[in-house]
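Data file: entry-v6.cif. Format and content: mmCIF, C-alpha atoms.
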```cif
data_run
#
loop_
_atom_site.group_PDB
_atom_site.id
_atom_site.type_symbol
_atom_site.label_atom_id
_atom_site.label_comp_id
_atom_site.auth_asym_id
_atom_site.auth_seq_id
_atom_site.Cartn_x
_atom_site.Cartn_y
_atom_site.Cartn_z
ATOM 1 C CA MET I 1 66.895 -99.053 123.364
ATOM 2 C CA ALA I 2 64.458 -101.895 123.999
ATOM 3 C CA ARG I 3 61.470 -101.298 126.225
ATOM 4 C CA PRO I 4 61.731 -103.725 129.168
ATOM 5 C CA ARG I 5 59.427 -103.503 132.111
ATOM 6 C CA VAL I 6 61.531 -102.303 135.031
ATOM 7 C CA SER I 7 60.666 -102.664 138.692
ATOM 8 C CA ILE I 8 62.025 -100.486 141.486
ATOM 9 C CA LEU I 9 62.191 -102.154 144.901
ATOM 10 C CA LEU I 10 62.314 -99.664 147.755
ATOM 11 C CA LEU I 11 62.996 -100.755 151.345
ATOM 12 C CA THR I 12 61.647 -98.415 154.030
ATOM 13 C CA TYR I 13 61.576 -98.034 157.784
ATOM 14 C CA ASN I 14 60.727 -94.721 159.448
ATOM 15 C CA GLY I 15 62.124 -92.880 156.454
ATOM 16 C CA ALA I 16 59.907 -89.800 156.533
ATOM 17 C CA ASP I 17 62.904 -87.451 156.711
ATOM 18 C CA THR I 18 64.433 -88.693 153.459
ATOM 19 C CA LEU I 19 61.788 -90.599 151.519
ATOM 20 C CA LEU I 20 59.893 -87.781 149.804
ATOM 21 C CA PRO I 21 62.904 -86.537 147.761
ATOM 22 C CA VAL I 22 63.534 -90.135 146.666
ATOM 23 C CA LEU I 23 59.941 -90.612 145.479
ATOM 24 C CA ASP I 24 59.952 -87.232 143.743
ATOM 25 C CA ALA I 25 63.224 -88.036 141.970
ATOM 26 C CA ILE I 26 61.808 -91.365 140.778
ATOM 27 C CA SER I 27 58.707 -89.654 139.414
ATOM 28 C CA ARG I 28 60.857 -87.252 137.370
ATOM 29 C CA GLN I 29 62.736 -89.997 135.531
ATOM 30 C CA GLN I 30 62.623 -89.801 131.746
ATOM 31 C CA ALA I 31 62.532 -93.481 130.878
ATOM 32 C CA PRO I 32 61.332 -95.085 127.626
ATOM 33 C CA PHE I 33 59.838 -98.072 129.447
ATOM 34 C CA ASP I 34 57.145 -98.830 131.968
ATOM 35 C CA VAL I 35 58.170 -98.690 135.629
ATOM 36 C CA GLU I 36 56.534 -100.134 138.713
ATOM 37 C CA ILE I 37 57.505 -99.361 142.309
ATOM 38 C CA VAL I 38 57.238 -102.012 145.008
ATOM 39 C CA ALA I 39 57.977 -100.998 148.596
ATOM 40 C CA VAL I 40 58.637 -103.255 151.571
ATOM 41 C CA ASP I 41 58.141 -101.424 154.861
ATOM 42 C CA SER I 42 59.412 -102.827 158.150
ATOM 43 C CA GLY I 43 56.917 -101.337 160.598
ATOM 44 C CA SER I 44 57.208 -97.575 160.099
ATOM 45 C CA THR I 45 55.357 -95.326 162.555
ATOM 46 C CA ASP I 46 56.528 -91.874 161.404
ATOM 47 C CA GLY I 47 54.311 -91.213 158.381
ATOM 48 C CA THR I 48 56.333 -93.257 155.899
ATOM 49 C CA LEU I 49 53.321 -95.404 155.006
ATOM 50 C CA GLU I 50 51.264 -92.307 154.233
ATOM 51 C CA MET I 51 54.036 -91.039 151.940
ATOM 52 C CA LEU I 52 54.087 -94.349 150.091
ATOM 53 C CA ASP I 53 50.315 -94.399 149.651
ATOM 54 C CA ARG I 54 49.401 -93.771 145.992
ATOM 55 C CA ARG I 55 53.084 -93.325 145.113
ATOM 56 C CA VAL I 56 53.919 -97.016 144.761
ATOM 57 C CA THR I 57 52.422 -99.853 142.741
ATOM 58 C CA ARG I 58 52.458 -102.307 145.618
ATOM 59 C CA LEU I 59 53.244 -102.027 149.323
ATOM 60 C CA LEU I 60 54.267 -104.968 151.489
ATOM 61 C CA GLN I 61 54.503 -104.651 155.270
ATOM 62 C CA ILE I 62 56.541 -106.819 157.626
ATOM 63 C CA PRO I 63 57.242 -106.554 161.383
ATOM 64 C CA PRO I 64 60.498 -104.774 162.274
ATOM 65 C CA GLU I 65 61.921 -107.943 163.811
ATOM 66 C CA ASP I 66 61.488 -109.782 160.486
ATOM 67 C CA PHE I 67 63.781 -107.452 158.551
ATOM 68 C CA ASN I 68 66.872 -109.053 157.086
ATOM 69 C CA HIS I 69 69.064 -107.504 154.396
ATOM 70 C CA ALA I 70 68.899 -110.608 152.208
ATOM 71 C CA ALA I 71 65.501 -112.136 153.005
ATOM 72 C CA THR I 72 63.611 -108.846 152.812
ATOM 73 C CA ARG I 73 65.083 -108.081 149.395
ATOM 74 C CA ASN I 74 64.181 -111.562 148.193
ATOM 75 C CA LEU I 75 60.635 -111.029 149.437
ATOM 76 C CA GLY I 76 60.370 -107.721 147.607
ATOM 77 C CA ILE I 77 61.879 -108.985 144.350
ATOM 78 C CA ALA I 78 59.423 -111.893 144.351
ATOM 79 C CA ALA I 79 56.603 -109.317 144.470
ATOM 80 C CA THR I 80 57.876 -107.416 141.417
ATOM 81 C CA THR I 81 57.143 -108.203 137.772
ATOM 82 C CA GLY I 82 60.045 -106.595 135.919
ATOM 83 C CA ALA I 83 62.694 -108.450 133.973
ATOM 84 C CA LEU I 84 65.087 -105.962 135.557
ATOM 85 C CA VAL I 85 64.770 -105.002 139.218
ATOM 86 C CA VAL I 86 66.326 -101.838 140.623
ATOM 87 C CA LEU I 87 67.133 -102.030 144.335
ATOM 88 C CA LEU I 88 67.118 -98.723 146.197
ATOM 89 C CA VAL I 89 67.247 -97.631 149.830
ATOM 90 C CA GLN I 90 65.028 -94.934 151.277
ATOM 91 C CA ASP I 91 67.721 -92.268 151.634
ATOM 92 C CA ALA I 92 69.532 -92.659 148.295
ATOM 93 C CA VAL I 93 68.227 -89.795 146.170
ATOM 94 C CA PRO I 94 68.594 -90.273 142.403
ATOM 95 C CA ALA I 95 70.510 -87.356 140.857
ATOM 96 C CA GLY I 96 69.077 -86.080 137.594
ATOM 97 C CA ASP I 97 66.199 -87.325 135.482
ATOM 98 C CA THR I 98 68.203 -89.962 133.543
ATOM 99 C CA TRP I 99 69.485 -91.911 136.564
ATOM 100 C CA LEU I 100 67.210 -94.875 135.869
ATOM 101 C CA VAL I 101 68.016 -95.081 132.163
ATOM 102 C CA ARG I 102 71.757 -94.886 132.873
ATOM 103 C CA LEU I 103 71.550 -97.696 135.430
ATOM 104 C CA VAL I 104 69.416 -99.992 133.269
ATOM 105 C CA GLU I 105 70.942 -99.282 129.844
ATOM 106 C CA PRO I 106 73.967 -101.625 130.176
ATOM 107 C CA MET I 107 71.672 -104.480 131.228
ATOM 108 C CA VAL I 108 69.544 -104.008 128.121
ATOM 109 C CA ALA I 109 72.558 -103.809 125.840
ATOM 110 C CA ASP I 110 74.409 -106.813 127.312
ATOM 111 C CA GLU I 111 72.469 -109.890 128.399
ATOM 112 C CA THR I 112 75.577 -111.374 130.002
ATOM 113 C CA LEU I 113 75.391 -108.752 132.748
ATOM 114 C CA ALA I 114 73.767 -110.036 135.934
ATOM 115 C CA GLY I 115 73.740 -106.630 137.595
ATOM 116 C CA THR I 116 74.858 -103.019 137.671
ATOM 117 C CA PHE I 117 75.331 -100.589 140.528
ATOM 118 C CA ALA I 118 75.395 -96.817 140.767
ATOM 119 C CA ARG I 119 77.850 -94.202 141.950
ATOM 120 C CA GLN I 120 77.278 -92.588 145.352
ATOM 121 C CA ARG I 121 77.842 -88.907 145.980
ATOM 122 C CA PRO I 122 77.831 -87.403 149.503
ATOM 123 C CA ARG I 123 75.041 -85.196 150.787
ATOM 124 C CA VAL I 124 75.762 -81.476 150.830
ATOM 125 C CA ASP I 125 75.836 -81.527 154.638
ATOM 126 C CA ALA I 126 78.181 -84.532 154.891
ATOM 127 C CA SER I 127 81.096 -84.137 157.291
ATOM 128 C CA ALA I 128 84.735 -84.037 156.195
ATOM 129 C CA LEU I 129 85.241 -87.554 157.586
ATOM 130 C CA THR I 130 82.256 -88.946 155.712
ATOM 131 C CA ARG I 131 83.409 -87.331 152.461
ATOM 132 C CA HIS I 132 86.880 -88.780 152.909
ATOM 133 C CA TYR I 133 85.725 -92.339 153.496
ATOM 134 C CA LEU I 134 83.099 -92.261 150.757
ATOM 135 C CA ALA I 135 85.701 -91.018 148.274
ATOM 136 C CA ARG I 136 87.752 -94.177 148.970
ATOM 137 C CA TRP I 137 84.799 -96.486 148.264
ATOM 138 C CA PRO I 138 84.901 -98.135 144.797
ATOM 139 C CA GLY I 139 81.278 -97.072 144.379
ATOM 140 C CA ALA I 140 82.274 -93.411 144.376
ATOM 141 C CA SER I 141 84.723 -93.602 141.478
ATOM 142 C CA GLU I 142 84.075 -91.788 138.192
ATOM 143 C CA THR I 143 85.596 -94.690 136.211
ATOM 144 C CA PRO I 144 83.293 -97.433 134.870
ATOM 145 C CA ARG I 145 84.379 -101.047 135.202
ATOM 146 C CA THR I 146 83.159 -104.574 134.600
ATOM 147 C CA SER I 147 83.867 -107.586 136.820
ATOM 148 C CA THR I 148 84.285 -111.157 135.594
ATOM 149 C CA LEU I 149 85.702 -114.408 136.921
ATOM 150 C CA LEU I 150 86.848 -117.455 135.005
ATOM 151 C CA GLY I 151 86.089 -119.642 137.989
ATOM 152 C CA ALA I 152 86.934 -120.452 141.593
ATOM 153 C CA ALA I 153 90.617 -121.030 140.802
ATOM 154 C CA GLU I 154 91.034 -117.493 139.513
ATOM 155 C CA LEU I 155 89.376 -116.061 142.616
ATOM 156 C CA GLU I 156 91.510 -118.130 144.976
ATOM 157 C CA ALA I 157 94.677 -117.055 143.166
ATOM 158 C CA LEU I 158 94.007 -113.419 144.060
ATOM 159 C CA ALA I 159 95.082 -111.747 147.290
ATOM 160 C CA PRO I 160 92.189 -111.399 149.781
ATOM 161 C CA MET I 161 91.732 -107.659 149.138
ATOM 162 C CA GLU I 162 91.661 -108.259 145.382
ATOM 163 C CA ARG I 163 89.095 -111.037 145.819
ATOM 164 C CA TYR I 164 86.894 -108.585 147.645
ATOM 165 C CA ARG I 165 87.424 -105.775 145.134
ATOM 166 C CA ARG I 166 86.571 -108.078 142.247
ATOM 167 C CA CYS I 167 83.213 -108.821 143.931
ATOM 168 C CA VAL I 168 82.266 -105.305 145.038
ATOM 169 C CA PHE I 169 78.558 -104.638 144.485
ATOM 170 C CA ASP I 170 76.301 -102.237 146.370
ATOM 171 C CA ASN I 171 72.564 -102.551 146.959
ATOM 172 C CA VAL I 172 72.269 -98.927 148.055
ATOM 173 C CA CYS I 173 71.413 -98.573 144.373
ATOM 174 C CA SER I 174 71.720 -101.517 142.016
ATOM 175 C CA CYS I 175 69.929 -103.291 139.175
ATOM 176 C CA ILE I 176 69.725 -107.066 138.922
ATOM 177 C CA ARG I 177 68.410 -109.406 136.236
ATOM 178 C CA ARG I 178 65.419 -111.409 137.387
ATOM 179 C CA THR I 179 66.431 -114.610 135.587
ATOM 180 C CA VAL I 180 69.799 -114.552 137.353
ATOM 181 C CA TRP I 181 68.190 -113.815 140.733
ATOM 182 C CA GLU I 182 65.850 -116.779 140.252
ATOM 183 C CA GLN I 183 68.924 -119.012 140.082
ATOM 184 C CA HIS I 184 70.901 -117.028 142.655
ATOM 185 C CA PRO I 185 68.662 -115.318 145.234
ATOM 186 C CA PHE I 186 70.365 -113.268 147.917
ATOM 187 C CA PRO I 187 71.965 -115.691 150.380
ATOM 188 C CA PRO I 188 70.778 -115.754 154.005
ATOM 189 C CA THR I 189 73.074 -113.358 155.841
ATOM 190 C CA ASP I 190 72.751 -110.481 158.287
ATOM 191 C CA ILE I 191 74.885 -108.091 156.224
ATOM 192 C CA ALA I 192 76.940 -107.821 153.001
ATOM 193 C CA GLU I 193 74.329 -109.714 151.009
ATOM 194 C CA ASP I 194 75.312 -107.693 147.950
ATOM 195 C CA VAL I 195 78.978 -108.750 147.778
ATOM 196 C CA GLU I 196 78.089 -112.344 148.642
ATOM 197 C CA TRP I 197 75.552 -112.370 145.805
ATOM 198 C CA ALA I 198 78.139 -110.813 143.490
ATOM 199 C CA ARG I 199 80.637 -113.543 144.372
ATOM 200 C CA SER I 200 78.024 -116.199 143.633
ATOM 201 C CA VAL I 201 76.956 -114.866 140.234
ATOM 202 C CA LEU I 202 80.537 -114.146 139.126
ATOM 203 C CA LEU I 203 81.565 -117.707 139.997
ATOM 204 C CA ALA I 204 78.563 -118.884 137.952
ATOM 205 C CA GLY I 205 79.983 -117.122 134.895
ATOM 206 C CA HIS I 206 77.966 -113.902 134.880
ATOM 207 C CA ARG I 207 79.339 -110.360 134.703
ATOM 208 C CA LEU I 208 78.728 -107.226 136.791
ATOM 209 C CA ALA I 209 79.182 -103.567 135.878
ATOM 210 C CA TYR I 210 79.728 -100.372 137.839
ATOM 211 C CA VAL I 211 77.923 -97.461 136.168
ATOM 212 C CA PRO I 212 79.215 -94.090 137.423
ATOM 213 C CA ASP I 213 76.888 -92.160 135.102
ATOM 214 C CA ALA I 214 73.994 -93.353 137.290
ATOM 215 C CA VAL I 215 74.339 -91.302 140.472
ATOM 216 C CA VAL I 216 72.543 -91.266 143.814
ATOM 217 C CA VAL I 217 73.136 -88.834 146.656
ATOM 218 C CA HIS I 218 73.728 -90.957 149.746
ATOM 219 C CA SER I 219 75.903 -90.649 152.835
ATOM 220 C CA HIS I 220 75.653 -90.964 156.613
ATOM 221 C CA ASP I 221 77.234 -89.276 159.628
ATOM 222 C CA ARG I 222 76.572 -92.077 162.067
ATOM 223 C CA SER I 223 77.622 -92.494 165.662
ATOM 224 C CA ALA I 224 80.845 -94.258 166.602
ATOM 225 C CA ARG I 225 78.830 -96.958 168.354
ATOM 226 C CA TYR I 226 76.852 -97.692 165.203
ATOM 227 C CA GLU I 227 79.977 -97.729 163.036
ATOM 228 C CA LEU I 228 81.713 -100.090 165.442
ATOM 229 C CA GLY I 229 78.863 -102.577 165.184
ATOM 230 C CA ARG I 230 78.482 -102.266 161.444
ATOM 231 C CA THR I 231 82.222 -102.555 160.791
ATOM 232 C CA TYR I 232 82.381 -105.622 163.030
ATOM 233 C CA LEU I 233 79.578 -107.373 161.136
ATOM 234 C CA VAL I 234 80.940 -106.470 157.699
ATOM 235 C CA HIS I 235 84.495 -107.578 158.435
ATOM 236 C CA ARG I 236 83.357 -110.798 160.065
ATOM 237 C CA ARG I 237 81.609 -111.599 156.783
ATOM 238 C CA LEU I 238 84.473 -110.414 154.563
ATOM 239 C CA ARG I 239 86.848 -112.702 156.437
ATOM 240 C CA ALA I 240 84.543 -115.655 155.829
ATOM 241 C CA LEU I 241 83.931 -114.838 152.161
ATOM 242 C CA PHE I 242 87.341 -113.675 150.995
ATOM 243 C CA GLY I 243 89.835 -114.465 153.760
ATOM 244 C CA LEU I 244 90.240 -110.713 154.287
ATOM 245 C CA ARG I 245 91.641 -109.393 157.589
ATOM 246 C CA THR I 246 92.561 -105.729 157.367
ATOM 247 C CA VAL I 247 93.606 -105.502 161.040
ATOM 248 C CA PRO I 248 95.079 -108.939 161.815
ATOM 249 C CA SER I 249 96.787 -108.380 165.191
ATOM 250 C CA LEU I 250 96.811 -106.245 168.309
ATOM 251 C CA LEU I 251 99.923 -104.471 167.058
ATOM 252 C CA ALA I 252 98.195 -103.726 163.761
ATOM 253 C CA LEU I 253 95.193 -102.491 165.736
ATOM 254 C CA ALA I 254 97.308 -100.049 167.725
ATOM 255 C CA ARG I 255 98.927 -98.754 164.557
ATOM 256 C CA ALA I 256 95.568 -98.429 162.789
ATOM 257 C CA ILE I 257 94.075 -96.455 165.673
ATOM 258 C CA ALA I 258 97.073 -94.111 165.766
ATOM 259 C CA SER I 259 97.007 -93.490 162.013
ATOM 260 C CA SER I 260 93.226 -93.055 162.005
ATOM 261 C CA LEU I 261 93.407 -90.561 164.842
ATOM 262 C CA ALA I 262 96.041 -88.517 163.028
ATOM 263 C CA LEU I 263 94.032 -88.625 159.810
ATOM 264 C CA HIS I 264 90.776 -87.584 161.467
ATOM 265 C CA LEU I 265 92.386 -84.656 163.233
ATOM 266 C CA ARG I 266 93.992 -83.492 159.979
ATOM 267 C CA LEU I 267 90.633 -83.665 158.232
ATOM 268 C CA LEU I 268 88.991 -81.624 160.992
ATOM 269 C CA MET I 269 91.727 -79.031 160.854
ATOM 270 C CA GLY I 270 91.452 -78.819 157.072
ATOM 271 C CA ALA I 271 87.707 -78.288 157.352
ATOM 272 C CA ARG I 272 88.213 -75.807 160.238
ATOM 273 C CA VAL I 273 85.968 -77.830 162.523
ATOM 274 C CA THR I 274 85.982 -76.575 166.113
ATOM 275 C CA SER I 275 82.793 -78.135 167.468
ATOM 276 C CA PRO I 276 83.596 -80.218 170.592
ATOM 277 C CA SER I 277 80.955 -82.794 169.648
ATOM 278 C CA GLN I 278 82.374 -83.261 166.140
ATOM 279 C CA ILE I 279 85.914 -83.542 167.498
ATOM 280 C CA ALA I 280 84.773 -86.130 170.059
ATOM 281 C CA ARG I 281 83.021 -88.113 167.318
ATOM 282 C CA ALA I 282 86.112 -88.015 165.122
ATOM 283 C CA VAL I 283 88.252 -89.353 167.963
ATOM 284 C CA ALA I 284 85.716 -92.067 168.772
ATOM 285 C CA LEU I 285 85.556 -93.139 165.121
ATOM 286 C CA ALA I 286 89.357 -93.410 165.028
ATOM 287 C CA PHE I 287 88.949 -96.212 167.566
ATOM 288 C CA ALA I 288 85.660 -97.656 166.237
ATOM 289 C CA PHE I 289 86.676 -98.360 162.648
ATOM 290 C CA PRO I 290 89.915 -100.286 163.366
ATOM 291 C CA LEU I 291 88.446 -102.050 166.406
ATOM 292 C CA GLY I 292 85.451 -103.226 164.395
ATOM 293 C CA GLN I 293 87.758 -104.588 161.705
ATOM 294 C CA TYR I 294 89.920 -106.398 164.249
ATOM 295 C CA LEU I 295 87.044 -107.901 166.227
ATOM 296 C CA GLY I 296 85.231 -108.947 163.054
ATOM 297 C CA GLY I 297 88.270 -110.916 161.910
ATOM 298 C CA VAL I 298 88.690 -112.542 165.308
ATOM 299 C CA ALA I 299 85.020 -113.503 165.410
ATOM 300 C CA ALA I 300 85.191 -115.073 161.953
ATOM 301 C CA ASP I 301 88.292 -117.124 162.832
ATOM 302 C CA THR I 302 87.136 -118.303 166.257
ATOM 303 C CA GLY I 303 83.368 -118.487 165.889
ATOM 304 C CA TRP I 304 83.013 -116.296 168.970
ATOM 305 C CA THR I 305 80.263 -113.687 169.194
ATOM 306 C CA LEU I 306 82.196 -110.653 170.416
ATOM 307 C CA LEU I 307 79.549 -108.003 169.732
ATOM 308 C CA ARG I 308 75.766 -108.093 169.285
ATOM 309 C CA PRO I 309 74.964 -104.997 167.197
ATOM 310 C CA ARG I 310 71.304 -104.083 166.775
ATOM 311 C CA GLY I 311 69.542 -102.060 164.132
ATOM 312 C CA ILE I 312 72.295 -102.406 161.527
#
```
Take the structure from the file and write it as structure tokens.
Amino acid sequence: MARPRVSILLLTYNGADTLLPVLDAISRQQAPFDVEIVAVDSGSTDGTLEMLDRRVTRLLQIPPEDFNHAATRNLGIAATTGALVVLLVQDAVPAGDTWLVRLVEPMVADETLAGTFARQRPRVDASALTRHYLARWPGASETPRTSTLLGAAELEALAPMERYRRCVFDNVCSCIRRTVWEQHPFPPTDIAEDVEWARSVLLAGHRLAYVPDAVVVHSHDRSARYELGRTYLVHRRLRALFGLRTVPSLLALARAIASSLALHLRLLMGARVTSPSQIARAVALAFAFPLGQYLGGVAADTGWTLLRPRGI
């Protein structure tokens, strides 16, 4: 294997509860190449900056209000020196001491690859609902795959869901080639910068690979309010990018809520969950996920701002 210089870009904000295991896992990597770590912190006040001190090569600080999923990553990548740049979030813990080599190896072997992304595995304390939904995500599969496009005509010929699946990419843990990023920086957007970037580089003739042998432990049990806002933003963008509307009508919304409610209750029963708070959350999420999908599609088609989520 060649010996490229690899940069790790770590985005942080009040990550003291999860950051230390991430930094420790990075330090244990057995990699036959030099590695630098660049962190961009968005105004942490919980000790995150102290944790980063002496553990990273370079630390950039921006105000919280300046954070943007695309622009902040572009800022951080510009501060790195590696030919290959690994993007990582503060609560995605690399599993094993060969995670970095596994993620980077395909990029070294194949110069036509613009990027790779890792498999996500749930935390040990993840809820039954979180495990179920993560298992359905293409970035949790054990099967490797490579994405290509012959051009815009091929993409347009696909059904909307297939367009999206062809362009799946995940910056929870990914590796991108600097020379490609210089031509295709992350586009200005408030969310889903990774799939929009993937669409751009695939249309430009590059290839992307999913690498399930590179694993990070990453999952969230978020509130229904948060998931409503996040789902709304994501599906508003997916409609604009791929023409995708998963819940296209009020009738479809009612059906989706009913099926989600039945599913969530079955999952709770299977996991023998009796906590009133967990049951209430499961019920709320059965409404939040479909409603976010429906409202996101409506917002994309009409240009209306139906929700104003914060902190997503």
Give me the result of the PyMOL selection byres ((chain I and resi 86) around 8) on this file, residue by residue, as an NGL selection string.
:I and (6-9 or 84-85 or 87-88 or 173-176)
Excluding Ala262 of chain I and any residue of its chain fewer than 5 positions from it, enumerate the residues within 10 Å of it, using only C-alpha atoms, and give them as a list in words.
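Near Ala262 of chain I, the qualifying residues are Ala256, Ile257, Leu267, Val283 and Ala286 of chain I.
For the structure in this document, the set picked by the PyMOL selection byres ((chain I and resi 293) around 7) is I:Thr231, I:Tyr232, I:His235, I:Thr246, I:Val247, I:Phe289, I:Pro290, I:Leu291, I:Gly292, I:Tyr294, I:Leu295, I:Gly296, I:Gly297.
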Picked residues, the PyMOL selection byres ((chain I and resi 23-25) around 12), as a PyMOL selection string
chain I and resi 8-10+12+15-16+18-22+26-30+37-39+48+51-56+88-100+215-217
Tell me, in Å to one decimal, how far atom CA of Glu154 of chain I is from atom CA of Gly303 of chain I.
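Separation of atom CA of Glu154 of chain I and atom CA of Gly303 of chain I: 27.5 Å.
Among the candidate residues I:Ala159, I:Ile191, I:Ala135, I:Leu49, the one lying nearest to Gly243 of chain I is I:Ala159, with distances computed using all atoms listed in the file.
Going from atom CA of Gly270 of chain I over to atom CA of Arg225 of chain I, you cover 24.8 Å.
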Nearest candidate to Leu250 of chain I (options I:Leu263, I:Ala209, I:Val298, I:Ala280; using only C-alpha atoms)
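Of the candidates, the smallest distance to Leu250 of chain I is held by I:Val298.
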Can you tell me, as a PDB file with C-alpha atoms, keeping the file's coordinate frame, what residues are no more than 7 Å from Ala70 of chain I when counting only C-alpha atoms, ignoring any on the same chain fewer than 4 positions away?
```
ATOM      1  CA  ASN I  74      64.181-111.562 148.193  1.00  0.00           C
ATOM      2  CA  PHE I 186      70.365-113.268 147.917  1.00  0.00           C
ATOM      3  CA  PRO I 187      71.965-115.691 150.380  1.00  0.00           C
ATOM      4  CA  PRO I 188      70.778-115.754 154.005  1.00  0.00           C
ATOM      5  CA  THR I 189      73.074-113.358 155.841  1.00  0.00           C
ATOM      6  CA  GLU I 193      74.329-109.714 151.009  1.00  0.00           C
TER       7      GLU I 193
END
```
Atomic distance atom CA of Arg73 of chain I - atom CA of Leu208 of chain I, expressed in Å with one decimal
18.6 Å
Pick the closest to Pro122 of chain I from I:Ser147, I:Arg230, I:Ser275, I:Leu134: which is it, counting only C-alpha atoms?
I:Leu134
Report, as lines of an AutoDock Vina configuration file, the centre and edge lengths in Å (one decimal) of the axis-aligned box enclosing every listed atom of segment 133-151 of chain I, padded by 5 Å on each side.
```
center_x = 84.5
center_y = -105.3
center_z = 144.0
size_x = 16.5
size_y = 38.6
size_z = 28.9
```
Using all atoms listed in the file, find the one residue out of I:Pro138, I:Thr179, I:Arg281, I:Met161 that sits nearest to Tyr226 of chain I.
I:Arg281
Calculated over all atoms listed in the file, which of the candidates I:Arg178, I:Ala282, I:Leu307, I:Ser249 has the smallest distance to Ser127 of chain I?
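Among the listed residues, the smallest separation from Ser127 of chain I belongs to I:Ala282.
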Non-local contacts of Leu203 of chain I (9 Å; all atoms listed in the file; under 6 positions in same chain excluded) as a CSV table (one decimal) with C-alpha atoms, in the coordinates of the input:
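Written output follows (out.csv):
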```csv
chain,number,residue,atom,x,y,z
I,148,THR,CA,84.3,-111.2,135.6
I,149,LEU,CA,85.7,-114.4,136.9
I,150,LEU,CA,86.8,-117.5,135.0
I,151,GLY,CA,86.1,-119.6,138.0
I,152,ALA,CA,86.9,-120.5,141.6
I,155,LEU,CA,89.4,-116.1,142.6
```
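For the choices I:Phe33, I:Tyr13, I:Trp181, I:Phe242, the atom-to-atom distance to Tyr164 of chain I is smallest for I:Phe242 when using only C-alpha atoms.
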Excluding Gln61 of chain I and its own-chain neighbours fewer than 3 positions away, which residues fall within 6 Å of it when counting all atoms listed in the file? Please give them as an NGL selection string.
:I and (40-42)
Write to file, as a short mmCIF file (atom, residue, chain, number, x, y, z; two decimals), keeping the file's coordinate frame, the residues of the selection just made, with C-alpha atoms.
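This is the output file part38.cif:
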```cif
data_model
loop_
_atom_site.label_atom_id
_atom_site.label_comp_id
_atom_site.auth_asym_id
_atom_site.auth_seq_id
_atom_site.Cartn_x
_atom_site.Cartn_y
_atom_site.Cartn_z
CA VAL I 40 58.64 -103.26 151.57
CA ASP I 41 58.14 -101.42 154.86
CA SER I 42 59.41 -102.83 158.15
#
```
